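Below is work_31.csv, which holds CSV, C-alpha atoms.
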```csv
chain,number,residue,atom,x,y,z
U,249,MET,CA,-23.8,-2.0,-130.2
U,250,ALA,CA,-21.5,-2.4,-133.3
U,251,PRO,CA,-23.3,-1.9,-136.6
U,252,LEU,CA,-22.6,-5.5,-137.7
U,253,GLU,CA,-23.9,-6.9,-134.5
U,254,SER,CA,-27.1,-4.8,-135.0
U,255,LEU,CA,-27.3,-6.1,-138.5
U,256,ASP,CA,-27.1,-9.8,-137.4
U,257,GLU,CA,-29.8,-9.1,-134.9
U,258,LYS,CA,-32.0,-7.6,-137.6
U,259,LEU,CA,-31.3,-10.6,-139.9
U,260,VAL,CA,-32.4,-13.0,-137.2
U,261,GLU,CA,-35.5,-10.8,-136.5
U,262,ALA,CA,-36.4,-11.1,-140.2
U,263,LEU,CA,-36.8,-14.8,-139.8
U,264,GLU,CA,-39.4,-14.5,-137.0
U,265,GLY,CA,-42.9,-15.9,-137.7
U,266,SER,CA,-41.6,-18.5,-140.1
U,267,VAL,CA,-41.7,-22.3,-140.0
U,268,GLU,CA,-39.4,-23.5,-137.2
U,269,LEU,CA,-37.1,-25.4,-139.6
U,270,ALA,CA,-36.8,-22.5,-142.0
U,271,LYS,CA,-35.9,-20.2,-139.0
U,272,LYS,CA,-33.3,-22.8,-137.9
U,273,ILE,CA,-31.7,-23.0,-141.3
U,274,GLY,CA,-31.7,-19.2,-141.7
U,275,GLU,CA,-30.1,-18.7,-138.4
U,276,TYR,CA,-27.4,-21.3,-139.2
U,277,ILE,CA,-26.5,-19.4,-142.4
U,278,ILE,CA,-26.5,-16.0,-140.7
U,279,LYS,CA,-24.4,-17.2,-137.8
U,280,SER,CA,-21.8,-18.7,-140.2
U,281,GLY,CA,-20.6,-15.1,-140.7
U,282,GLY,CA,-19.0,-13.7,-143.8
U,283,LYS,CA,-17.5,-10.4,-144.9
U,284,ARG,CA,-20.9,-8.6,-145.1
U,285,ILE,CA,-19.4,-6.1,-147.6
U,286,ARG,CA,-22.7,-5.4,-149.3
U,287,PRO,CA,-24.7,-4.4,-146.2
U,288,ARG,CA,-21.7,-2.5,-144.9
U,289,ILE,CA,-21.8,-0.5,-148.1
U,290,THR,CA,-25.5,0.2,-147.6
U,291,LEU,CA,-24.9,1.3,-144.0
U,292,ALA,CA,-22.1,3.6,-145.0
U,293,VAL,CA,-24.1,5.2,-147.8
U,294,SER,CA,-27.1,5.5,-145.4
U,295,GLU,CA,-24.9,7.3,-142.9
U,296,GLY,CA,-23.6,9.7,-145.5
U,297,LEU,CA,-27.1,10.5,-146.5
U,298,GLY,CA,-28.2,11.0,-142.9
U,299,LEU,CA,-30.7,8.1,-143.0
U,300,ARG,CA,-32.2,7.0,-139.7
U,301,ARG,CA,-30.3,4.0,-138.2
U,302,ASP,CA,-33.4,1.7,-138.1
U,303,ASP,CA,-34.2,2.4,-141.7
U,304,ALA,CA,-30.6,1.8,-142.7
U,305,LEU,CA,-30.5,-1.5,-140.9
U,306,ASP,CA,-33.7,-2.6,-142.6
U,307,LEU,CA,-32.3,-1.8,-146.1
U,308,ALA,CA,-29.0,-3.4,-145.3
U,309,SER,CA,-30.6,-6.6,-143.9
U,310,ALA,CA,-32.7,-6.9,-147.1
U,311,VAL,CA,-29.6,-6.6,-149.2
U,312,GLU,CA,-27.8,-9.3,-147.2
U,313,LEU,CA,-30.9,-11.6,-147.3
U,314,VAL,CA,-30.9,-11.4,-151.1
U,315,HIS,CA,-27.2,-12.2,-151.2
U,316,THR,CA,-27.5,-15.1,-148.8
U,317,ALA,CA,-30.4,-16.6,-150.8
U,318,SER,CA,-28.3,-16.4,-153.9
U,319,LEU,CA,-25.4,-18.2,-152.2
U,320,VAL,CA,-27.7,-21.0,-151.0
U,321,HIS,CA,-29.0,-21.5,-154.6
U,322,ASP,CA,-25.4,-21.3,-156.0
U,323,ASP,CA,-24.3,-24.1,-153.6
U,324,VAL,CA,-27.2,-26.3,-154.8
U,325,ILE,CA,-26.1,-25.8,-158.4
U,326,ASP,CA,-22.4,-26.5,-157.6
U,327,LEU,CA,-23.2,-29.2,-155.0
U,328,ALA,CA,-20.7,-27.3,-152.8
U,329,GLU,CA,-19.7,-29.0,-149.6
U,330,LYS,CA,-18.4,-26.0,-147.6
U,331,ARG,CA,-19.2,-22.3,-147.3
U,332,ARG,CA,-17.3,-20.2,-144.9
U,333,ASN,CA,-15.6,-23.3,-143.5
U,334,SER,CA,-19.0,-24.8,-142.5
U,335,PRO,CA,-21.2,-27.5,-144.3
U,336,THR,CA,-23.5,-25.8,-146.8
U,337,VAL,CA,-27.2,-26.0,-146.5
U,338,VAL,CA,-27.5,-28.4,-149.4
U,339,MET,CA,-25.0,-30.8,-147.7
U,340,ARG,CA,-26.6,-30.5,-144.3
U,341,TRP,CA,-30.3,-30.5,-145.2
U,342,GLY,CA,-30.5,-31.6,-148.8
U,343,PRO,CA,-31.3,-29.9,-152.1
U,344,GLU,CA,-35.0,-29.6,-151.6
U,345,LEU,CA,-34.8,-27.7,-148.3
U,346,ALA,CA,-31.8,-25.6,-149.7
U,347,VAL,CA,-33.9,-24.4,-152.7
U,348,LEU,CA,-36.9,-23.7,-150.5
U,349,THR,CA,-34.7,-21.8,-147.9
U,350,GLY,CA,-33.3,-19.7,-150.7
U,351,ASP,CA,-36.8,-18.9,-152.0
U,352,PHE,CA,-37.9,-18.0,-148.4
U,353,LEU,CA,-35.0,-15.6,-147.9
U,354,PHE,CA,-35.7,-13.9,-151.2
U,355,VAL,CA,-39.3,-13.4,-150.3
U,356,ARG,CA,-38.4,-12.1,-146.8
U,357,ALA,CA,-36.0,-9.6,-148.3
U,358,LEU,CA,-38.7,-8.2,-150.7
U,359,ARG,CA,-41.2,-8.0,-147.9
U,360,ILE,CA,-38.8,-5.8,-145.9
U,361,ILE,CA,-38.3,-3.6,-149.0
U,362,ALA,CA,-42.1,-3.4,-149.5
U,363,SER,CA,-42.6,-2.3,-145.8
U,364,LYS,CA,-40.2,0.6,-146.3
U,365,ARG,CA,-41.4,1.9,-149.7
U,366,VAL,CA,-43.4,-0.3,-152.1
U,367,GLU,CA,-42.0,1.4,-155.2
U,368,MET,CA,-38.6,-0.1,-154.4
U,369,VAL,CA,-39.8,-3.6,-154.8
U,370,ASP,CA,-39.7,-3.4,-158.6
U,371,TYR,CA,-36.2,-2.1,-158.5
U,372,VAL,CA,-34.9,-4.8,-156.2
U,373,ALA,CA,-36.9,-7.6,-158.0
U,374,GLY,CA,-35.5,-6.4,-161.3
U,375,ALA,CA,-32.0,-6.7,-159.9
U,376,VAL,CA,-32.7,-10.3,-158.7
U,377,GLU,CA,-34.1,-11.1,-162.1
U,378,GLU,CA,-30.8,-9.9,-163.7
U,379,MET,CA,-28.9,-12.1,-161.2
U,380,VAL,CA,-30.9,-15.1,-162.2
U,381,LYS,CA,-30.5,-14.4,-165.9
U,382,ALA,CA,-26.7,-14.1,-165.5
U,383,GLU,CA,-26.6,-17.4,-163.6
U,384,ILE,CA,-28.5,-19.1,-166.4
U,385,LEU,CA,-26.1,-17.6,-168.9
U,386,GLN,CA,-23.2,-18.9,-166.8
U,387,GLU,CA,-24.7,-22.3,-166.8
U,388,ALA,CA,-25.2,-22.2,-170.6
U,389,VAL,CA,-21.5,-21.5,-171.2
U,390,ARG,CA,-20.1,-23.7,-168.4
U,391,GLY,CA,-17.1,-25.7,-169.6
U,392,SER,CA,-16.4,-23.4,-172.5
U,393,VAL,CA,-12.8,-22.3,-172.6
U,394,HIS,CA,-13.4,-19.9,-175.5
U,395,LEU,CA,-15.5,-17.3,-173.6
U,396,ASP,CA,-15.1,-13.7,-174.7
U,397,VAL,CA,-14.5,-10.8,-172.3
U,398,ASP,CA,-17.8,-9.1,-173.1
U,399,THR,CA,-19.8,-12.3,-172.2
U,400,TYR,CA,-17.7,-12.6,-169.0
U,401,TYR,CA,-18.6,-9.0,-168.0
U,402,LYS,CA,-22.2,-9.7,-168.8
U,403,ILE,CA,-22.2,-12.6,-166.4
U,404,ILE,CA,-20.4,-10.9,-163.6
U,405,ASP,CA,-22.4,-7.6,-163.9
U,406,GLY,CA,-25.6,-9.6,-163.5
U,407,LYS,CA,-24.6,-12.2,-160.9
U,408,THR,CA,-22.4,-9.9,-158.8
U,409,GLY,CA,-22.6,-6.3,-159.9
U,410,ARG,CA,-26.4,-5.9,-159.8
U,411,LEU,CA,-26.6,-6.5,-156.1
U,412,PHE,CA,-23.7,-4.3,-155.4
U,413,GLY,CA,-25.6,-1.6,-157.4
U,414,VAL,CA,-28.6,-2.2,-155.1
U,415,ALA,CA,-26.4,-2.0,-152.0
U,416,PHE,CA,-25.2,1.4,-153.0
U,417,ALA,CA,-28.4,2.9,-154.5
U,418,LEU,CA,-31.1,1.7,-152.1
U,419,PRO,CA,-30.7,4.3,-149.4
U,420,ALA,CA,-30.7,7.1,-152.0
U,421,TYR,CA,-33.7,5.6,-153.7
U,422,TYR,CA,-35.6,5.4,-150.4
U,423,LEU,CA,-34.9,9.0,-149.7
U,424,GLY,CA,-35.9,10.1,-153.2
U,425,LYS,CA,-32.4,11.3,-154.2
U,426,PRO,CA,-32.1,11.7,-158.0
U,427,PHE,CA,-28.5,10.4,-158.0
U,428,TRP,CA,-29.4,6.9,-156.9
U,429,ARG,CA,-28.9,5.8,-160.5
U,430,GLU,CA,-25.3,7.0,-160.4
U,431,LEU,CA,-24.8,5.1,-157.1
U,432,ASP,CA,-26.2,2.0,-158.8
U,433,LYS,CA,-23.7,2.4,-161.7
U,434,ALA,CA,-20.8,2.8,-159.2
U,435,GLY,CA,-22.0,-0.3,-157.5
U,436,ILE,CA,-21.9,-2.4,-160.7
U,437,LEU,CA,-18.3,-1.3,-161.2
U,438,VAL,CA,-17.4,-2.2,-157.7
U,439,GLY,CA,-19.1,-5.6,-158.3
U,440,ARG,CA,-16.9,-6.1,-161.3
U,441,ALA,CA,-13.8,-5.4,-159.3
U,442,PHE,CA,-14.9,-7.6,-156.5
U,443,GLN,CA,-15.6,-10.6,-158.8
U,444,ILE,CA,-12.4,-10.2,-160.8
U,445,VAL,CA,-10.3,-10.3,-157.6
U,446,ASP,CA,-12.3,-13.3,-156.3
U,447,ASP,CA,-11.8,-15.1,-159.6
U,448,VAL,CA,-8.0,-14.4,-159.5
U,449,LEU,CA,-7.6,-15.6,-155.9
U,450,ASP,CA,-9.3,-18.9,-156.9
U,451,TYR,CA,-6.0,-19.9,-158.5
U,452,PHE,CA,-3.8,-19.3,-155.5
U,453,PRO,CA,-3.2,-21.2,-152.3
U,454,GLY,CA,-3.8,-19.8,-148.8
U,455,THR,CA,-6.6,-17.4,-149.7
U,456,GLY,CA,-9.4,-19.2,-147.8
U,457,LYS,CA,-10.9,-20.5,-151.0
U,458,ASP,CA,-10.8,-24.0,-152.4
U,459,ARG,CA,-8.0,-23.7,-155.0
U,460,PHE,CA,-9.0,-24.2,-158.6
U,461,LYS,CA,-12.7,-24.5,-157.7
U,462,ASP,CA,-14.0,-22.2,-160.4
U,463,LEU,CA,-11.8,-23.9,-163.1
U,464,LEU,CA,-12.9,-27.4,-162.0
U,465,ASN,CA,-16.5,-26.3,-162.1
U,466,GLY,CA,-16.1,-25.2,-165.7
U,467,LYS,CA,-16.3,-21.5,-164.9
U,468,THR,CA,-14.2,-19.4,-167.3
U,469,THR,CA,-12.8,-16.3,-165.6
U,470,LEU,CA,-10.9,-13.2,-166.8
U,471,PRO,CA,-7.3,-14.5,-166.3
U,472,LEU,CA,-8.1,-17.7,-168.1
U,473,ILE,CA,-9.7,-15.7,-171.0
U,474,PHE,CA,-6.5,-13.6,-171.3
U,475,TYR,CA,-4.4,-16.8,-171.3
U,476,THR,CA,-6.4,-18.7,-173.9
U,477,GLU,CA,-6.6,-15.7,-176.2
U,478,ARG,CA,-2.8,-15.6,-176.4
U,479,PHE,CA,-1.6,-19.1,-175.9
U,480,GLY,CA,-4.5,-21.3,-177.0
U,481,SER,CA,-6.7,-23.7,-175.0
U,482,SER,CA,-4.9,-27.1,-175.4
U,483,LEU,CA,-3.4,-27.1,-171.9
U,484,VAL,CA,-6.6,-25.8,-170.4
U,485,GLU,CA,-8.7,-28.5,-172.1
U,486,LYS,CA,-6.2,-31.2,-171.0
U,487,ALA,CA,-6.3,-30.0,-167.4
U,488,LEU,CA,-10.1,-30.1,-167.4
U,489,ARG,CA,-10.1,-33.6,-168.9
U,490,GLU,CA,-7.5,-34.9,-166.5
U,491,PRO,CA,-7.8,-32.6,-163.4
U,492,GLY,CA,-4.8,-33.9,-161.6
U,493,GLU,CA,-2.6,-31.7,-159.4
U,494,GLU,CA,0.4,-31.8,-161.7
U,495,LEU,CA,-1.5,-30.4,-164.7
U,496,LEU,CA,-3.4,-27.8,-162.7
U,497,LEU,CA,-0.1,-26.5,-161.2
U,498,GLU,CA,1.5,-26.5,-164.7
U,499,LEU,CA,-1.4,-24.4,-166.0
U,500,PHE,CA,-1.1,-22.1,-163.0
U,501,GLU,CA,2.6,-21.5,-163.5
U,502,ARG,CA,2.2,-20.8,-167.2
U,503,MET,CA,-0.6,-18.3,-166.4
U,504,ARG,CA,1.5,-16.6,-163.8
U,505,GLU,CA,4.5,-16.4,-166.1
U,506,ALA,CA,2.2,-14.9,-168.8
U,507,GLY,CA,1.2,-12.1,-166.4
U,508,VAL,CA,-2.5,-12.7,-166.8
U,509,PHE,CA,-3.2,-12.6,-163.0
U,510,GLY,CA,-1.6,-9.2,-162.6
U,511,GLU,CA,-3.4,-7.9,-165.7
U,512,ALA,CA,-6.8,-9.0,-164.4
U,513,ILE,CA,-6.0,-7.3,-161.0
U,514,GLY,CA,-5.1,-4.2,-163.0
U,515,MET,CA,-8.5,-4.2,-164.6
U,516,ALA,CA,-10.1,-4.6,-161.2
U,517,ARG,CA,-8.2,-1.6,-159.9
U,518,GLY,CA,-9.4,0.5,-162.9
U,519,PHE,CA,-13.0,-0.4,-162.3
U,520,LEU,CA,-12.7,0.5,-158.6
U,521,GLU,CA,-11.1,3.8,-159.4
U,522,GLU,CA,-13.9,4.6,-161.8
U,523,ALA,CA,-16.5,3.8,-159.2
U,524,VAL,CA,-14.8,5.9,-156.5
U,525,GLY,CA,-14.6,8.8,-159.0
U,526,ILE,CA,-18.4,8.6,-159.5
U,527,ILE,CA,-19.1,8.4,-155.7
U,528,LYS,CA,-16.9,11.3,-154.8
U,529,GLY,CA,-18.7,13.5,-157.4
U,530,LEU,CA,-22.1,13.0,-155.8
U,531,PRO,CA,-23.7,15.5,-153.4
U,532,PHE,CA,-23.5,13.5,-150.1
U,533,ASN,CA,-21.0,12.7,-147.5
U,534,SER,CA,-19.2,9.9,-149.1
U,535,GLY,CA,-16.1,9.7,-146.9
U,536,LYS,CA,-17.0,6.5,-145.0
U,537,VAL,CA,-18.0,4.8,-148.3
U,538,VAL,CA,-14.7,5.6,-149.9
U,539,ASP,CA,-12.8,4.5,-146.8
U,540,LEU,CA,-14.7,1.2,-146.7
U,541,LEU,CA,-13.9,0.5,-150.3
U,542,SER,CA,-10.2,1.5,-149.9
U,543,ASP,CA,-9.9,-0.7,-146.8
U,544,TYR,CA,-11.6,-3.7,-148.3
U,545,PHE,CA,-9.9,-3.7,-151.6
U,546,GLY,CA,-6.6,-2.7,-150.1
U,547,ARG,CA,-6.6,-5.9,-148.1
U,548,ALA,CA,-7.7,-7.9,-151.2
U,549,PHE,CA,-4.9,-6.4,-153.4
U,550,GLU,CA,-2.4,-7.0,-150.6
U,551,LYS,CA,-3.5,-10.6,-150.4
U,552,PHE,CA,-2.9,-11.0,-154.1
U,553,GLU,CA,0.5,-9.3,-153.9
U,554,LYS,CA,1.6,-11.7,-151.1
U,555,THR,CA,0.5,-14.8,-152.9
U,556,HIS,CA,1.7,-13.7,-156.3
U,557,ALA,CA,5.2,-12.9,-155.1
```

Can I see the file as structure tokens?
Amino acid sequence: MAPLESLDEKLVEALEGSVELAKKIGEYIIKSGGKRIRPRITLAVSEGLGLRRDDALDLASAVELVHTASLVHDDVIDLAEKRRNSPTVVMRWGPELAVLTGDFLFVRALRIIASKRVEMVDYVAGAVEEMVKAEILQEAVRGSVHLDVDTYYKIIDGKTGRLFGVAFALPAYYLGKPFWRELDKAGILVGRAFQIVDDVLDYFPGTGKDRFKDLLNGKTTLPLIFYTERFGSSLVEKALREPGEELLLELFERMREAGVFGEAIGMARGFLEEAVGIIKGLPFNSGKVVDLLSDYFGRAFEKFEKTHA
């Protein structure tokens, strides 16, 4: 059985013994698919460390459950209508059940972690805490077009990087390897690269995302920071006040001409290269981890080059 098929089975298994509606909603989310990049990282690191397959699947499923829970809560905050081309939980079952489902998935993830090694609960719970704090910060600055780069990194390191850190470090932590902290650091850098690419692609058509969604939700991202620092915020503020297609496309063209999308992608490449350098220097078989990152980000960068041309 393919690793991702085994992972999906493990995720469904994690819902056993719950209230029937919670199980139904959980299975709906799991079967909607997704890139599964975080658990794939956990499985690749586990293989490189020689971890037993069942243990690796448990850790990978816990990581994916935390990620899924965070997405459910994000969709409540944003009142998002679609996720992976399907109606979101909040749209299908309402905000009350969406919040409770997210809580349920968080708890199930922590119980899986506790069943493997109880000391890991504090580490994973700490990462979840940082994710929540970053989301709160993002809400506090929502709509601001004068966000600085340091605050932007603080937000994405918390909301995205922390769980990537866990995805990388958890197998090594479980096995008592002292270099788990270096893997965590590498994961945060990969999370930065991941989020920057995602933020850039939000501006382009044909990427599978709702175009301008972040901008219209008041989320200031790296290319927008670069643009406003150099050209001011008047056009951005006007586009947010009157979010018609003409103004949004004018802003997009000006940002593209200014080269801020390519500059942001260059930053993402730099963070990825730094992460890979850390990973290659650690005493485990990192070949499949590096290949996974090269393949995933290679496709993402190629998508940018095609849409940016």

Item to check | Residue nearest Phe479 (chain U) - candidates U:His394, U:Asp543, U:Leu307, U:Ile527, atoms counted: all atoms listed in the file | outcome: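 Ranked by minimum distance to Phe479 (chain U), first place goes to U:His394.
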
Checklist entry - Out of U:Thr555, U:Leu530, U:Lys433, U:Tyr544, which residue has the shortest atom-to-atom distance to Gly296 (chain U) when counting only C-alpha atoms? => result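 Looking at the shortest contact to Gly296 (chain U), the residue is U:Leu530.
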
Checklist entry - Can you list, as a PyMOL selection string, every protein, DNA or RNA residue that comes within 10 Å of Lys330 (chain U) when you count only C-alpha atoms, leaving out same-chain residues fewer than 5 positions away? => result chain U and resi 323+335-340+457-458

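In terms of minimum interatomic distance to Ser481 (chain U), U:Met503 ranks closest within U:Lys271, U:Leu313, U:Met503, U:Val448, counting all atoms listed in the file.
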
Checklist entry - Which one is closest to Tyr401 (chain U): U:Val414, U:Leu470, U:Ile526, U:Leu348? Count all atoms listed in the file. => result U:Leu470

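Nearest to Ser254 (chain U) of all the residues U:Tyr276, U:Leu345, U:Ser309, U:Ala270 is U:Ser309, counting only C-alpha atoms.
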
Next on the checklist: Just checking: using all atoms listed in the file, which residue out of U:Val393, U:Phe552, U:Leu319, U:Lys425 ends up closest to Lys486 (chain U)?
Outcome noted: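 Looking only at the distances to Lys486 (chain U), the closest residue turns out to be U:Val393.
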
Which neighbours of region 349-358 of chain U fall inside 10 Å, counting all atoms listed in the file, when residues of the same chain fewer than 3 positions from it are skipped, and could you give them as a tab-separated table (two decimals) with C-alpha atoms, in the frame of the given file?
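See result.tsv below for the written result:
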```tsv
chain	number	residue	atom	x	y	z
U	259	LEU	CA	-31.30	-10.60	-139.90
U	262	ALA	CA	-36.40	-11.10	-140.20
U	263	LEU	CA	-36.80	-14.80	-139.80
U	266	SER	CA	-41.60	-18.50	-140.10
U	269	LEU	CA	-37.10	-25.40	-139.60
U	270	ALA	CA	-36.80	-22.50	-142.00
U	271	LYS	CA	-35.90	-20.20	-139.00
U	273	ILE	CA	-31.70	-23.00	-141.30
U	274	GLY	CA	-31.70	-19.20	-141.70
U	306	ASP	CA	-33.70	-2.60	-142.60
U	307	LEU	CA	-32.30	-1.80	-146.10
U	308	ALA	CA	-29.00	-3.40	-145.30
U	309	SER	CA	-30.60	-6.60	-143.90
U	310	ALA	CA	-32.70	-6.90	-147.10
U	311	VAL	CA	-29.60	-6.60	-149.20
U	312	GLU	CA	-27.80	-9.30	-147.20
U	313	LEU	CA	-30.90	-11.60	-147.30
U	314	VAL	CA	-30.90	-11.40	-151.10
U	315	HIS	CA	-27.20	-12.20	-151.20
U	316	THR	CA	-27.50	-15.10	-148.80
U	317	ALA	CA	-30.40	-16.60	-150.80
U	318	SER	CA	-28.30	-16.40	-153.90
U	319	LEU	CA	-25.40	-18.20	-152.20
U	320	VAL	CA	-27.70	-21.00	-151.00
U	321	HIS	CA	-29.00	-21.50	-154.60
U	322	ASP	CA	-25.40	-21.30	-156.00
U	324	VAL	CA	-27.20	-26.30	-154.80
U	337	VAL	CA	-27.20	-26.00	-146.50
U	338	VAL	CA	-27.50	-28.40	-149.40
U	343	PRO	CA	-31.30	-29.90	-152.10
U	344	GLU	CA	-35.00	-29.60	-151.60
U	345	LEU	CA	-34.80	-27.70	-148.30
U	346	ALA	CA	-31.80	-25.60	-149.70
U	361	ILE	CA	-38.30	-3.60	-149.00
U	362	ALA	CA	-42.10	-3.40	-149.50
U	363	SER	CA	-42.60	-2.30	-145.80
U	364	LYS	CA	-40.20	0.60	-146.30
U	366	VAL	CA	-43.40	-0.30	-152.10
U	368	MET	CA	-38.60	-0.10	-154.40
U	369	VAL	CA	-39.80	-3.60	-154.80
U	370	ASP	CA	-39.70	-3.40	-158.60
U	372	VAL	CA	-34.90	-4.80	-156.20
U	373	ALA	CA	-36.90	-7.60	-158.00
U	376	VAL	CA	-32.70	-10.30	-158.70
```

Next on the checklist: Applying 12 Å and only C-alpha atoms, which residues near Gly518 (chain U) remain after dropping the ones on its own chain fewer than 3 positions away? List them as an MDAnalysis selection string.
Outcome noted: chainID U and resid 437:438 440:442 444 511:515 521:525

Next on the checklist: Just want the 12 Å neighbourhood of Ala388 (chain U), counted on only C-alpha atoms, with same-chain residues fewer than 2 positions away dropped. Output as a PyMOL selection string.
Outcome noted: chain U and resi 381-386+390-392+395+399+403+466-468

Item to check | Coordinates-based distance that separates CA of Phe412 (chain U) from CA of Arg332 (chain U) (Å, one decimal) | outcome: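 If I compute the distance from CA of Arg332 (chain U) to CA of Phe412 (chain U), I get 20.1 Å.
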
Item to check | CA of Ile278 (chain U) to CA of Gly535 (chain U), straight-line distance in Å | outcome: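 A separation of 28.4 Å between them.
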
Checklist entry - Suppose you want the space between CA of Ile436 (chain U) and CA of Val537 (chain U); what is it in Å? => result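 Result for CA of Ile436 (chain U) versus CA of Val537 (chain U): 14.9 Å, one decimal.
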
Since the input is missing atoms for region 279-285 of chain U, could you rebuild it with all heavy atoms and give the result as an mmCIF file, keeping the file's coordinate frame?
```cif
data_model
loop_
_atom_site.group_PDB
_atom_site.id
_atom_site.type_symbol
_atom_site.label_atom_id
_atom_site.label_comp_id
_atom_site.auth_asym_id
_atom_site.auth_seq_id
_atom_site.Cartn_x
_atom_site.Cartn_y
_atom_site.Cartn_z
ATOM 1 N N LYS U 279 -25.390 -17.046 -138.822
ATOM 2 C CA LYS U 279 -24.400 -17.200 -137.800
ATOM 3 C C LYS U 279 -23.042 -17.718 -138.316
ATOM 4 O O LYS U 279 -22.036 -17.720 -137.604
ATOM 5 C CB LYS U 279 -24.883 -18.001 -136.629
ATOM 6 C CG LYS U 279 -25.970 -17.271 -135.833
ATOM 7 C CD LYS U 279 -26.589 -18.127 -134.754
ATOM 8 C CE LYS U 279 -27.681 -17.344 -134.017
ATOM 9 N NZ LYS U 279 -28.382 -18.167 -133.001
ATOM 10 N N SER U 280 -23.054 -18.179 -139.582
ATOM 11 C CA SER U 280 -21.800 -18.700 -140.200
ATOM 12 C C SER U 280 -20.892 -17.500 -140.559
ATOM 13 O O SER U 280 -19.739 -17.692 -140.923
ATOM 14 C CB SER U 280 -22.079 -19.537 -141.394
ATOM 15 O OG SER U 280 -22.616 -18.785 -142.452
ATOM 16 N N GLY U 281 -21.429 -16.284 -140.495
ATOM 17 C CA GLY U 281 -20.600 -15.100 -140.700
ATOM 18 C C GLY U 281 -20.469 -14.678 -142.148
ATOM 19 O O GLY U 281 -21.393 -14.817 -142.935
ATOM 20 N N GLY U 282 -19.276 -14.184 -142.501
ATOM 21 C CA GLY U 282 -19.000 -13.700 -143.800
ATOM 22 C C GLY U 282 -18.533 -12.236 -143.765
ATOM 23 O O GLY U 282 -18.543 -11.598 -142.703
ATOM 24 N N LYS U 283 -18.089 -11.709 -144.906
ATOM 25 C CA LYS U 283 -17.500 -10.400 -144.900
ATOM 26 C C LYS U 283 -18.542 -9.272 -144.776
ATOM 27 O O LYS U 283 -18.234 -8.159 -144.366
ATOM 28 C CB LYS U 283 -16.710 -10.173 -146.230
ATOM 29 C CG LYS U 283 -15.514 -11.122 -146.361
ATOM 30 C CD LYS U 283 -14.759 -10.918 -147.651
ATOM 31 C CE LYS U 283 -15.497 -11.469 -148.852
ATOM 32 N NZ LYS U 283 -15.508 -12.935 -148.926
ATOM 33 N N ARG U 284 -19.782 -9.560 -145.186
ATOM 34 C CA ARG U 284 -20.900 -8.600 -145.100
ATOM 35 C C ARG U 284 -20.575 -7.278 -145.811
ATOM 36 O O ARG U 284 -21.009 -6.206 -145.396
ATOM 37 C CB ARG U 284 -21.199 -8.277 -143.614
ATOM 38 C CG ARG U 284 -21.559 -9.475 -142.753
ATOM 39 C CD ARG U 284 -23.023 -9.807 -142.840
ATOM 40 N NE ARG U 284 -23.492 -10.605 -141.731
ATOM 41 C CZ ARG U 284 -23.709 -11.918 -141.766
ATOM 42 N NH1 ARG U 284 -23.480 -12.582 -142.889
ATOM 43 N NH2 ARG U 284 -24.161 -12.556 -140.716
ATOM 44 N N ILE U 285 -19.813 -7.365 -146.899
ATOM 45 C CA ILE U 285 -19.400 -6.100 -147.600
ATOM 46 C C ILE U 285 -20.596 -5.393 -148.170
ATOM 47 O O ILE U 285 -20.652 -4.164 -148.135
ATOM 48 C CB ILE U 285 -18.337 -6.439 -148.677
ATOM 49 C CG1 ILE U 285 -17.853 -5.150 -149.349
ATOM 50 C CG2 ILE U 285 -18.868 -7.431 -149.708
ATOM 51 C CD1 ILE U 285 -17.167 -4.179 -148.450
#
```
